[in-house]
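Data block for model_16.pdb (PDB, C-alpha atoms and all ligand atoms):
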MODEL        1
ATOM      1  CA  MET A   1      24.675  -4.911 -20.560  1.00  0.00           C
ATOM      2  CA  GLY A   2      23.151  -4.097 -23.946  1.00  0.00           C
ATOM      3  CA  LYS A   3      21.396  -6.246 -26.513  1.00  0.00           C
ATOM      4  CA  GLU A   4      22.167  -9.882 -27.280  1.00  0.00           C
ATOM      5  CA  ARG A   5      20.653 -12.641 -29.367  1.00  0.00           C
ATOM      6  CA  ILE A   6      17.527 -13.994 -27.750  1.00  0.00           C
ATOM      7  CA  ASP A   7      18.590 -17.660 -28.138  1.00  0.00           C
ATOM      8  CA  LYS A   8      21.885 -16.904 -26.372  1.00  0.00           C
ATOM      9  CA  ILE A   9      20.150 -15.122 -23.475  1.00  0.00           C
ATOM     10  CA  ILE A  10      17.608 -17.910 -22.929  1.00  0.00           C
ATOM     11  CA  ALA A  11      20.095 -20.787 -23.310  1.00  0.00           C
ATOM     12  CA  ALA A  12      22.431 -19.114 -20.768  1.00  0.00           C
ATOM     13  CA  GLN A  13      19.771 -19.683 -18.075  1.00  0.00           C
ATOM     14  CA  GLY A  14      20.537 -23.410 -18.376  1.00  0.00           C
ATOM     15  CA  ARG A  15      16.989 -24.679 -18.815  1.00  0.00           C
ATOM     16  CA  HIS A  16      16.990 -25.045 -22.607  1.00  0.00           C
ATOM     17  CA  SER A  17      19.716 -25.783 -25.145  1.00  0.00           C
ATOM     18  CA  ARG A  18      20.247 -23.394 -28.054  1.00  0.00           C
ATOM     19  CA  SER A  19      18.429 -25.812 -30.434  1.00  0.00           C
ATOM     20  CA  GLN A  20      15.515 -26.152 -27.962  1.00  0.00           C
ATOM     21  CA  VAL A  21      15.261 -22.359 -27.849  1.00  0.00           C
ATOM     22  CA  ARG A  22      15.060 -22.260 -31.664  1.00  0.00           C
ATOM     23  CA  GLU A  23      12.235 -24.805 -31.452  1.00  0.00           C
ATOM     24  CA  LEU A  24      10.431 -22.739 -28.789  1.00  0.00           C
ATOM     25  CA  CYS A  25      10.701 -19.677 -31.028  1.00  0.00           C
ATOM     26  CA  ARG A  26       9.355 -21.597 -34.020  1.00  0.00           C
ATOM     27  CA  LYS A  27       6.360 -22.686 -31.925  1.00  0.00           C
ATOM     28  CA  GLY A  28       5.690 -19.086 -30.836  1.00  0.00           C
ATOM     29  CA  LEU A  29       6.573 -19.817 -27.195  1.00  0.00           C
ATOM     30  CA  VAL A  30       9.051 -16.968 -26.751  1.00  0.00           C
ATOM     31  CA  THR A  31       7.896 -13.405 -26.070  1.00  0.00           C
ATOM     32  CA  VAL A  32       9.736 -10.135 -25.563  1.00  0.00           C
ATOM     33  CA  ASN A  33       7.659  -7.488 -23.799  1.00  0.00           C
ATOM     34  CA  GLY A  34       4.565  -9.518 -24.648  1.00  0.00           C
ATOM     35  CA  ARG A  35       5.335  -9.808 -28.403  1.00  0.00           C
ATOM     36  CA  VAL A  36       5.926 -13.261 -29.905  1.00  0.00           C
ATOM     37  CA  VAL A  37       9.456 -13.517 -31.300  1.00  0.00           C
ATOM     38  CA  LYS A  38       9.907 -16.219 -33.951  1.00  0.00           C
ATOM     39  CA  ASP A  39      13.455 -15.281 -34.957  1.00  0.00           C
ATOM     40  CA  PRO A  40      15.970 -16.687 -32.409  1.00  0.00           C
ATOM     41  CA  GLY A  41      18.560 -14.264 -33.761  1.00  0.00           C
ATOM     42  CA  GLU A  42      16.514 -11.229 -32.778  1.00  0.00           C
ATOM     43  CA  LYS A  43      18.217  -9.127 -30.119  1.00  0.00           C
ATOM     44  CA  ALA A  44      16.914  -8.046 -26.725  1.00  0.00           C
ATOM     45  CA  ASP A  45      18.275  -6.515 -23.526  1.00  0.00           C
ATOM     46  CA  GLN A  46      18.016  -8.958 -20.640  1.00  0.00           C
ATOM     47  CA  GLU A  47      18.009  -6.116 -18.087  1.00  0.00           C
ATOM     48  CA  GLN A  48      15.415  -3.924 -19.746  1.00  0.00           C
ATOM     49  CA  ASP A  49      13.146  -6.290 -21.690  1.00  0.00           C
ATOM     50  CA  GLU A  50      10.712  -8.787 -20.254  1.00  0.00           C
ATOM     51  CA  ILE A  51      11.635 -12.091 -21.882  1.00  0.00           C
ATOM     52  CA  VAL A  52       9.445 -15.164 -21.346  1.00  0.00           C
ATOM     53  CA  ALA A  53      10.353 -18.640 -22.660  1.00  0.00           C
ATOM     54  CA  ALA A  54       7.808 -21.463 -22.450  1.00  0.00           C
ATOM     55  CA  GLY A  55       5.863 -19.547 -19.798  1.00  0.00           C
ATOM     56  CA  GLU A  56       8.912 -18.892 -17.561  1.00  0.00           C
ATOM     57  CA  PRO A  57      10.279 -15.354 -17.145  1.00  0.00           C
ATOM     58  CA  VAL A  58      13.990 -15.091 -17.911  1.00  0.00           C
ATOM     59  CA  ALA A  59      15.735 -13.457 -14.959  1.00  0.00           C
ATOM     60  CA  GLY A  60      17.963 -10.413 -15.360  1.00  0.00           C
ATOM     61  CA  ALA A  61      21.239 -10.218 -13.425  1.00  0.00           C
ATOM     62  CA  THR A  62      20.838  -9.226  -9.784  1.00  0.00           C
ATOM     63  CA  ILE A  63      21.962  -5.799  -8.651  1.00  0.00           C
ATOM     64  CA  TYR A  64      22.349  -4.225  -5.195  1.00  0.00           C
ATOM     65  CA  LEU A  65      22.341  -0.459  -4.782  1.00  0.00           C
ATOM     66  CA  MET A  66      23.017   1.734  -1.788  1.00  0.00           C
ATOM     67  CA  MET A  67      21.013   4.975  -1.866  1.00  0.00           C
ATOM     68  CA  ASN A  68      21.256   7.995   0.363  1.00  0.00           C
ATOM     69  CA  LYS A  69      17.513   8.634   0.500  1.00  0.00           C
ATOM     70  CA  PRO A  70      16.556  12.298   0.676  1.00  0.00           C
ATOM     71  CA  ALA A  71      13.525  13.520   2.622  1.00  0.00           C
ATOM     72  CA  GLY A  72      10.301  13.811   0.610  1.00  0.00           C
ATOM     73  CA  VAL A  73      10.491  10.603  -1.447  1.00  0.00           C
ATOM     74  CA  VAL A  74       8.691   7.370  -0.623  1.00  0.00           C
ATOM     75  CA  SER A  75      10.291   3.925  -0.208  1.00  0.00           C
ATOM     76  CA  ALA A  76       8.462   2.178  -3.040  1.00  0.00           C
ATOM     77  CA  SER A  77       9.039   1.123  -6.642  1.00  0.00           C
ATOM     78  CA  ARG A  78       6.142   3.098  -8.080  1.00  0.00           C
ATOM     79  CA  ASP A  79       3.623   5.534  -6.747  1.00  0.00           C
ATOM     80  CA  PRO A  80       0.857   7.343  -8.634  1.00  0.00           C
ATOM     81  CA  ARG A  81       1.415  10.626  -6.797  1.00  0.00           C
ATOM     82  CA  GLU A  82       4.796  10.665  -5.074  1.00  0.00           C
ATOM     83  CA  LYS A  83       8.394  10.434  -6.239  1.00  0.00           C
ATOM     84  CA  THR A  84       9.919   7.101  -5.190  1.00  0.00           C
ATOM     85  CA  VAL A  85      13.458   5.972  -4.380  1.00  0.00           C
ATOM     86  CA  VAL A  86      13.422   3.825  -7.554  1.00  0.00           C
ATOM     87  CA  ASP A  87      12.537   6.935  -9.617  1.00  0.00           C
ATOM     88  CA  LEU A  88      15.859   8.402  -8.428  1.00  0.00           C
ATOM     89  CA  VAL A  89      17.995   5.489  -9.730  1.00  0.00           C
ATOM     90  CA  PRO A  90      19.977   6.803 -12.718  1.00  0.00           C
ATOM     91  CA  GLU A  91      19.562   5.227 -16.159  1.00  0.00           C
ATOM     92  CA  GLY A  92      22.885   3.324 -16.065  1.00  0.00           C
ATOM     93  CA  LEU A  93      21.922   1.420 -12.877  1.00  0.00           C
ATOM     94  CA  ARG A  94      18.293   0.830 -13.765  1.00  0.00           C
ATOM     95  CA  ARG A  95      17.157  -2.811 -14.022  1.00  0.00           C
ATOM     96  CA  ARG A  96      13.847  -4.543 -14.308  1.00  0.00           C
ATOM     97  CA  GLY A  97      12.113  -5.316 -11.019  1.00  0.00           C
ATOM     98  CA  LEU A  98      14.006  -2.937  -8.703  1.00  0.00           C
ATOM     99  CA  PHE A  99      12.459  -2.345  -5.286  1.00  0.00           C
ATOM    100  CA  PRO A 100      13.631  -1.037  -1.906  1.00  0.00           C
ATOM    101  CA  ALA A 101      14.454  -3.781   0.631  1.00  0.00           C
ATOM    102  CA  GLY A 102      12.598  -2.256   3.577  1.00  0.00           C
ATOM    103  CA  ARG A 103      10.879   1.052   4.067  1.00  0.00           C
ATOM    104  CA  LEU A 104      11.925   4.336   5.549  1.00  0.00           C
ATOM    105  CA  ASP A 105       9.288   6.972   6.268  1.00  0.00           C
ATOM    106  CA  LYS A 106       8.921   9.750   3.704  1.00  0.00           C
ATOM    107  CA  ASP A 107      10.721  12.217   5.994  1.00  0.00           C
ATOM    108  CA  THR A 108      13.467   9.755   7.073  1.00  0.00           C
ATOM    109  CA  VAL A 109      16.795  10.045   5.252  1.00  0.00           C
ATOM    110  CA  GLY A 110      19.777   7.745   4.752  1.00  0.00           C
ATOM    111  CA  PHE A 111      20.596   4.181   3.747  1.00  0.00           C
ATOM    112  CA  VAL A 112      18.068   2.397   1.529  1.00  0.00           C
ATOM    113  CA  LEU A 113      19.094  -0.812  -0.199  1.00  0.00           C
ATOM    114  CA  ILE A 114      17.516  -1.155  -3.631  1.00  0.00           C
ATOM    115  CA  THR A 115      17.675  -4.493  -5.430  1.00  0.00           C
ATOM    116  CA  ASN A 116      15.896  -6.883  -7.784  1.00  0.00           C
ATOM    117  CA  ASP A 117      16.898  -9.912  -5.667  1.00  0.00           C
ATOM    118  CA  GLY A 118      13.820 -10.945  -3.685  1.00  0.00           C
ATOM    119  CA  GLN A 119      15.605 -13.688  -1.738  1.00  0.00           C
ATOM    120  CA  PHE A 120      18.339 -11.374  -0.528  1.00  0.00           C
ATOM    121  CA  ALA A 121      15.781  -8.742   0.489  1.00  0.00           C
ATOM    122  CA  HIS A 122      13.864 -11.374   2.411  1.00  0.00           C
ATOM    123  CA  ARG A 123      16.997 -12.345   4.337  1.00  0.00           C
ATOM    124  CA  ILE A 124      17.657  -8.739   5.354  1.00  0.00           C
ATOM    125  CA  LEU A 125      14.085  -8.143   6.422  1.00  0.00           C
ATOM    126  CA  SER A 126      13.190 -11.472   8.003  1.00  0.00           C
ATOM    127  CA  PRO A 127      12.489 -10.959  11.719  1.00  0.00           C
ATOM    128  CA  LYS A 128      14.139 -14.345  12.329  1.00  0.00           C
ATOM    129  CA  ARG A 129      17.540 -13.099  11.137  1.00  0.00           C
ATOM    130  CA  HIS A 130      17.663  -9.988  13.341  1.00  0.00           C
ATOM    131  CA  VAL A 131      19.839  -8.032  10.883  1.00  0.00           C
ATOM    132  CA  PRO A 132      20.518  -4.833  12.861  1.00  0.00           C
ATOM    133  CA  LYS A 133      19.573  -1.459  11.355  1.00  0.00           C
ATOM    134  CA  THR A 134      21.331   1.553  12.847  1.00  0.00           C
ATOM    135  CA  TYR A 135      19.881   5.062  12.935  1.00  0.00           C
ATOM    136  CA  GLU A 136      20.916   8.474  14.167  1.00  0.00           C
ATOM    137  CA  ALA A 137      18.177  10.765  15.391  1.00  0.00           C
ATOM    138  CA  LEU A 138      17.613  14.203  16.841  1.00  0.00           C
ATOM    139  CA  VAL A 139      15.156  13.769  19.675  1.00  0.00           C
ATOM    140  CA  ALA A 140      13.335  16.515  21.587  1.00  0.00           C
ATOM    141  CA  GLY A 141      12.001  16.075  25.111  1.00  0.00           C
ATOM    142  CA  GLY A 142      15.161  15.002  26.938  1.00  0.00           C
ATOM    143  CA  PRO A 143      15.913  11.321  26.339  1.00  0.00           C
ATOM    144  CA  ASP A 144      18.006  10.129  29.309  1.00  0.00           C
ATOM    145  CA  GLU A 145      19.375   7.007  31.002  1.00  0.00           C
ATOM    146  CA  GLU A 146      15.835   5.928  31.827  1.00  0.00           C
ATOM    147  CA  THR A 147      14.961   6.072  28.113  1.00  0.00           C
ATOM    148  CA  VAL A 148      18.062   3.962  27.394  1.00  0.00           C
ATOM    149  CA  ARG A 149      16.897   1.357  29.938  1.00  0.00           C
ATOM    150  CA  ALA A 150      13.357   1.311  28.499  1.00  0.00           C
ATOM    151  CA  PHE A 151      14.727   0.656  24.995  1.00  0.00           C
ATOM    152  CA  ALA A 152      17.038  -2.086  26.318  1.00  0.00           C
ATOM    153  CA  ALA A 153      14.239  -3.806  28.229  1.00  0.00           C
ATOM    154  CA  GLY A 154      11.981  -4.197  25.185  1.00  0.00           C
ATOM    155  CA  MET A 155       9.046  -1.842  25.472  1.00  0.00           C
ATOM    156  CA  ALA A 156       5.377  -1.884  24.475  1.00  0.00           C
ATOM    157  CA  LEU A 157       4.093   0.635  21.919  1.00  0.00           C
ATOM    158  CA  GLU A 158       0.911   2.668  22.395  1.00  0.00           C
ATOM    159  CA  ASP A 159      -1.224  -0.102  20.878  1.00  0.00           C
ATOM    160  CA  GLY A 160       0.368  -2.793  23.053  1.00  0.00           C
ATOM    161  CA  THR A 161       2.754  -4.115  20.344  1.00  0.00           C
ATOM    162  CA  LEU A 162       5.899  -5.453  22.004  1.00  0.00           C
ATOM    163  CA  CYS A 163       9.308  -4.357  20.697  1.00  0.00           C
ATOM    164  CA  ARG A 164      12.441  -6.441  20.943  1.00  0.00           C
ATOM    165  CA  PRO A 165      15.209  -4.962  23.097  1.00  0.00           C
ATOM    166  CA  ALA A 166      16.864  -2.083  21.215  1.00  0.00           C
ATOM    167  CA  GLU A 167      20.127  -0.234  21.804  1.00  0.00           C
ATOM    168  CA  LEU A 168      19.901   3.481  22.492  1.00  0.00           C
ATOM    169  CA  THR A 169      23.106   5.536  22.883  1.00  0.00           C
ATOM    170  CA  LEU A 170      23.037   9.192  23.900  1.00  0.00           C
ATOM    171  CA  LEU A 171      25.633  10.813  21.621  1.00  0.00           C
ATOM    172  CA  ARG A 172      25.203  14.510  22.386  1.00  0.00           C
ATOM    173  CA  PRO A 173      22.996  16.086  25.034  1.00  0.00           C
ATOM    174  CA  GLY A 174      20.730  19.034  24.248  1.00  0.00           C
ATOM    175  CA  ASP A 175      17.247  19.706  23.052  1.00  0.00           C
ATOM    176  CA  PRO A 176      17.067  18.087  20.609  1.00  0.00           C
ATOM    177  CA  ALA A 177      19.621  15.493  21.724  1.00  0.00           C
ATOM    178  CA  LEU A 178      21.585  13.444  19.189  1.00  0.00           C
ATOM    179  CA  VAL A 179      21.165   9.686  19.711  1.00  0.00           C
ATOM    180  CA  ARG A 180      21.981   6.390  18.018  1.00  0.00           C
ATOM    181  CA  VAL A 181      19.393   3.601  17.870  1.00  0.00           C
ATOM    182  CA  VAL A 182      19.985   0.005  16.786  1.00  0.00           C
ATOM    183  CA  LEU A 183      16.855  -2.009  15.926  1.00  0.00           C
ATOM    184  CA  ARG A 184      16.625  -5.693  14.990  1.00  0.00           C
ATOM    185  CA  GLU A 185      13.126  -5.409  13.559  1.00  0.00           C
ATOM    186  CA  GLY A 186      11.256  -2.828  11.531  1.00  0.00           C
ATOM    187  CA  MET A 187       7.739  -1.954  12.539  1.00  0.00           C
ATOM    188  CA  TYR A 188       5.828   0.976  11.070  1.00  0.00           C
ATOM    189  CA  HIS A 189       7.207   4.302  12.437  1.00  0.00           C
ATOM    190  CA  GLN A 190       8.894   2.204  15.114  1.00  0.00           C
ATOM    191  CA  ILE A 191      11.532   4.620  16.403  1.00  0.00           C
ATOM    192  CA  LYS A 192       9.164   7.586  16.393  1.00  0.00           C
ATOM    193  CA  ARG A 193       6.550   5.558  18.253  1.00  0.00           C
ATOM    194  CA  MET A 194       9.038   4.221  20.803  1.00  0.00           C
ATOM    195  CA  PHE A 195      10.189   7.735  21.698  1.00  0.00           C
ATOM    196  CA  LEU A 196       6.622   9.078  21.748  1.00  0.00           C
ATOM    197  CA  CYS A 197       5.662   6.443  24.314  1.00  0.00           C
ATOM    198  CA  LEU A 198       8.435   7.809  26.532  1.00  0.00           C
ATOM    199  CA  GLY A 199       7.402  11.450  26.140  1.00  0.00           C
ATOM    200  CA  CYS A 200      10.005  12.363  23.486  1.00  0.00           C
ATOM    201  CA  GLU A 201       9.712  13.403  19.840  1.00  0.00           C
ATOM    202  CA  VAL A 202      11.938  12.483  16.891  1.00  0.00           C
ATOM    203  CA  VAL A 203      12.578  15.613  14.850  1.00  0.00           C
ATOM    204  CA  TRP A 204      15.103  14.120  12.374  1.00  0.00           C
ATOM    205  CA  LEU A 205      15.932  10.512  11.559  1.00  0.00           C
ATOM    206  CA  LYS A 206      18.662   8.965   9.399  1.00  0.00           C
ATOM    207  CA  ARG A 207      19.511   5.307   8.796  1.00  0.00           C
ATOM    208  CA  THR A 208      23.292   4.961   8.800  1.00  0.00           C
ATOM    209  CA  HIS A 209      23.904   1.165   8.628  1.00  0.00           C
ATOM    210  CA  ILE A 210      22.245  -2.034   7.461  1.00  0.00           C
ATOM    211  CA  GLY A 211      23.925  -4.927   9.265  1.00  0.00           C
ATOM    212  CA  GLY A 212      27.643  -4.104   9.384  1.00  0.00           C
ATOM    213  CA  LEU A 213      27.585  -1.961   6.245  1.00  0.00           C
ATOM    214  CA  ALA A 214      27.695   1.813   6.651  1.00  0.00           C
ATOM    215  CA  LEU A 215      26.130   4.280   4.239  1.00  0.00           C
ATOM    216  CA  ASP A 216      28.869   5.724   2.018  1.00  0.00           C
ATOM    217  CA  ASP A 217      29.125   9.295   3.288  1.00  0.00           C
ATOM    218  CA  THR A 218      30.317  10.539  -0.111  1.00  0.00           C
ATOM    219  CA  LEU A 219      26.804   9.917  -1.535  1.00  0.00           C
ATOM    220  CA  ALA A 220      24.834  13.150  -1.678  1.00  0.00           C
ATOM    221  CA  PRO A 221      21.108  12.934  -0.837  1.00  0.00           C
ATOM    222  CA  GLY A 222      19.365  11.206  -3.753  1.00  0.00           C
ATOM    223  CA  GLU A 223      22.556   9.573  -5.069  1.00  0.00           C
ATOM    224  CA  CYS A 224      23.187   5.840  -5.217  1.00  0.00           C
ATOM    225  CA  ARG A 225      25.931   3.404  -6.189  1.00  0.00           C
ATOM    226  CA  GLU A 226      26.386  -0.331  -6.536  1.00  0.00           C
ATOM    227  CA  ILE A 227      27.228  -2.314  -3.398  1.00  0.00           C
ATOM    228  CA  LEU A 228      30.458  -4.260  -3.920  1.00  0.00           C
ATOM    229  CA  THR A 229      30.533  -8.025  -3.289  1.00  0.00           C
ATOM    230  CA  LYS A 230      32.715  -7.661  -0.195  1.00  0.00           C
ATOM    231  CA  GLU A 231      30.371  -4.978   1.161  1.00  0.00           C
ATOM    232  CA  LYS A 232      27.346  -7.226   0.576  1.00  0.00           C
ATOM    233  CA  GLU A 233      28.884  -9.819   2.887  1.00  0.00           C
ATOM    234  CA  LYS A 234      28.943  -7.240   5.698  1.00  0.00           C
ATOM    235  CA  ILE A 235      25.188  -6.824   5.550  1.00  0.00           C
ATOM    236  CA  LEU A 236      24.139 -10.262   6.791  1.00  0.00           C
TER
HETATM  237  N1  LIG B 301      11.592   4.165  12.518  1.00  0.00           N
HETATM  238  C1  LIG B 301      10.786   5.182  12.171  1.00  0.00           C
HETATM  239  O1  LIG B 301      10.049   5.697  12.982  1.00  0.00           O
HETATM  240  N2  LIG B 301      10.835   5.611  10.902  1.00  0.00           N
HETATM  241  C2  LIG B 301      11.649   5.083   9.963  1.00  0.00           C
HETATM  242  O2  LIG B 301      11.655   5.548   8.810  1.00  0.00           O
HETATM  243  C3  LIG B 301      12.477   4.026  10.351  1.00  0.00           C
HETATM  244  C4  LIG B 301      12.432   3.575  11.642  1.00  0.00           C
ENDMDL
END

Would you kindly transcribe this structure into structure tokens?
Amino acid sequence: MGKERIDKIIAAQGRHSRSQVRELCRKGLVTVNGRVVKDPGEKADQEQDEIVAAGEPVAGATIYLMMNKPAGVVSASRDPREKTVVDLVPEGLRRRGLFPAGRLDKDTVGFVLITNDGQFAHRILSPKRHVPKTYEALVAGGPDEETVRAFAAGMALEDGTLCRPAELTLLRPGDPALVRVVLREGMYHQIKRMFLCLGCEVVWLKRTHIGGLALDDTLAPGECREILTKEKEKIL
């Protein structure tokens, strides 16, 4: 987006007029990255700089990214030791406040939605909304029709936690077998734990869809792109 005059950026939020912004600046009530800015004509980048006017942070534009998460990176914004999915976002798509909406395990690959829109993330993750998440997995130990029925019935995990009914489809037999799982909730290591309880082991796991939106299969592991408005509607 680039740099713009600070009075223009703040006034565009609709809370203060241009002349009120000038007054706020004069009173020392506008900061950019913690530094008081007295000149309303000074330029800043709304996406990169932290602008605060009269104690209120000025929001950057929202952005929604689809990433094909590779194995070996963690689903977090920052981590002192590990590489995160947000570290992989290229410079041109980087915005303030990006975070992954939901977590995949470090060794799980596939669709991670990265955004700076907390409300939208909440709607995807809220257990009340039941937004389905679809996974493909390679599972050792012979998942069969009985496993499918156990998933559909809503099973208890090893610690007694109850899972909602989940869809399991056997796609290709073998050891490991290829399966599809659709969950409407997201507990810690949920799919791995569900299979373990039934004597099976997940050896590879990929998230392929969030709601009705499929991961773009042209994205190489570690790549991401913006989600288009019409694609965003498919998520919820
Ligand atoms: N279930 C798991 O076990 N791991 C994930 O990363 C996602 C769902």

List every protein, DNA or RNA residue that has an atom no more than 12 Å from (14.1, -3.2, 13.5) in the file's coordinate frame, counting all atoms listed in the file, and report them as a PyMOL selection string. chain A and resi 102-104+124-135+154+163-167+181-191+194+207+209-211

Take the residues from that selection and write them out as a PDB file, keeping the file's coordinate frame, keeping C-alpha atoms.
ATOM      1  CA  GLY A 102      12.598  -2.256   3.577  1.00  0.00           C
ATOM      2  CA  ARG A 103      10.879   1.052   4.067  1.00  0.00           C
ATOM      3  CA  LEU A 104      11.925   4.336   5.549  1.00  0.00           C
ATOM      4  CA  ILE A 124      17.657  -8.739   5.354  1.00  0.00           C
ATOM      5  CA  LEU A 125      14.085  -8.143   6.422  1.00  0.00           C
ATOM      6  CA  SER A 126      13.190 -11.472   8.003  1.00  0.00           C
ATOM      7  CA  PRO A 127      12.489 -10.959  11.719  1.00  0.00           C
ATOM      8  CA  LYS A 128      14.139 -14.345  12.329  1.00  0.00           C
ATOM      9  CA  ARG A 129      17.540 -13.099  11.137  1.00  0.00           C
ATOM     10  CA  HIS A 130      17.663  -9.988  13.341  1.00  0.00           C
ATOM     11  CA  VAL A 131      19.839  -8.032  10.883  1.00  0.00           C
ATOM     12  CA  PRO A 132      20.518  -4.833  12.861  1.00  0.00           C
ATOM     13  CA  LYS A 133      19.573  -1.459  11.355  1.00  0.00           C
ATOM     14  CA  THR A 134      21.331   1.553  12.847  1.00  0.00           C
ATOM     15  CA  TYR A 135      19.881   5.062  12.935  1.00  0.00           C
ATOM     16  CA  GLY A 154      11.981  -4.197  25.185  1.00  0.00           C
ATOM     17  CA  CYS A 163       9.308  -4.357  20.697  1.00  0.00           C
ATOM     18  CA  ARG A 164      12.441  -6.441  20.943  1.00  0.00           C
ATOM     19  CA  PRO A 165      15.209  -4.962  23.097  1.00  0.00           C
ATOM     20  CA  ALA A 166      16.864  -2.083  21.215  1.00  0.00           C
ATOM     21  CA  GLU A 167      20.127  -0.234  21.804  1.00  0.00           C
ATOM     22  CA  VAL A 181      19.393   3.601  17.870  1.00  0.00           C
ATOM     23  CA  VAL A 182      19.985   0.005  16.786  1.00  0.00           C
ATOM     24  CA  LEU A 183      16.855  -2.009  15.926  1.00  0.00           C
ATOM     25  CA  ARG A 184      16.625  -5.693  14.990  1.00  0.00           C
ATOM     26  CA  GLU A 185      13.126  -5.409  13.559  1.00  0.00           C
ATOM     27  CA  GLY A 186      11.256  -2.828  11.531  1.00  0.00           C
ATOM     28  CA  MET A 187       7.739  -1.954  12.539  1.00  0.00           C
ATOM     29  CA  TYR A 188       5.828   0.976  11.070  1.00  0.00           C
ATOM     30  CA  HIS A 189       7.207   4.302  12.437  1.00  0.00           C
ATOM     31  CA  GLN A 190       8.894   2.204  15.114  1.00  0.00           C
ATOM     32  CA  ILE A 191      11.532   4.620  16.403  1.00  0.00           C
ATOM     33  CA  MET A 194       9.038   4.221  20.803  1.00  0.00           C
ATOM     34  CA  ARG A 207      19.511   5.307   8.796  1.00  0.00           C
ATOM     35  CA  HIS A 209      23.904   1.165   8.628  1.00  0.00           C
ATOM     36  CA  ILE A 210      22.245  -2.034   7.461  1.00  0.00           C
ATOM     37  CA  GLY A 211      23.925  -4.927   9.265  1.00  0.00           C
TER      38      GLY A 211
END

With 4 Å on each side, where is the centre of the axis-aligned box around all listed atoms of ligand LIG 301 (chain B), and how long are its edges in Å to one decimal, as lines of an AutoDock Vina configuration file?
center_x = 11.3
center_y = 4.6
center_z = 10.9
size_x = 10.4
size_y = 10.1
size_z = 12.2

Please expand the PyMOL selection byres (((chain A and resi 232) around 12) and not hetatm) into the concrete residues it hits in this file, giving the result as a compact mmCIF listing (two decimals) with C-alpha atoms, in the frame of the given file.
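Once written, result15.txt looks like this:
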# COMPACT_ATOMS: atom_id res chain seq x y z
CA ILE A 63 21.96 -5.80 -8.65
CA TYR A 64 22.35 -4.22 -5.20
CA LEU A 65 22.34 -0.46 -4.78
CA MET A 66 23.02 1.73 -1.79
CA LEU A 113 19.09 -0.81 -0.20
CA THR A 115 17.68 -4.49 -5.43
CA PHE A 120 18.34 -11.37 -0.53
CA ALA A 121 15.78 -8.74 0.49
CA ILE A 124 17.66 -8.74 5.35
CA ILE A 210 22.24 -2.03 7.46
CA GLY A 211 23.92 -4.93 9.26
CA GLY A 212 27.64 -4.10 9.38
CA LEU A 213 27.58 -1.96 6.24
CA ALA A 214 27.70 1.81 6.65
CA GLU A 226 26.39 -0.33 -6.54
CA ILE A 227 27.23 -2.31 -3.40
CA LEU A 228 30.46 -4.26 -3.92
CA THR A 229 30.53 -8.02 -3.29
CA LYS A 230 32.72 -7.66 -0.20
CA GLU A 231 30.37 -4.98 1.16
CA GLU A 233 28.88 -9.82 2.89
CA LYS A 234 28.94 -7.24 5.70
CA ILE A 235 25.19 -6.82 5.55
CA LEU A 236 24.14 -10.26 6.79

For A:Leu24, the closest of A:Glu47, A:Glu56, A:Asp105, A:Glu4 counting only C-alpha atoms is A:Glu56

Between A:Ala177, A:Ala11, A:Val203, A:Ala54, which has the minimum distance to ligand LIG 301 (chain B) (counting all atoms listed in the file)?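 Counting all atoms listed in the file, the residue closest to ligand LIG 301 (chain B) is A:Val203.
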
Judged by all atoms listed in the file, the minimum distance to ligand LIG 301 (chain B) among A:Val139, A:Val36, A:Val21, A:Leu171 is found for A:Val139

| query | Skipping near chain neighbours, those fewer than 3 positions away, what residues fall within 7 Å of A:Thr169 using all atoms listed in the file, listed as a ChimeraX atom specification? | reply | /A:148,179-181

Residue with smallest distance to ligand LIG 301 (chain B) - pool A:Leu205, A:Val73, A:Ala59, A:Ile9, counting all atoms listed in the file
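Of A:Leu205, A:Val73, A:Ala59, A:Ile9, the one nearest ligand LIG 301 (chain B), counting all atoms listed in the file, is A:Leu205.
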
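Going from atom CA of A:Gln46 over to atom CA of A:Gly97, you cover 11.9 Å.
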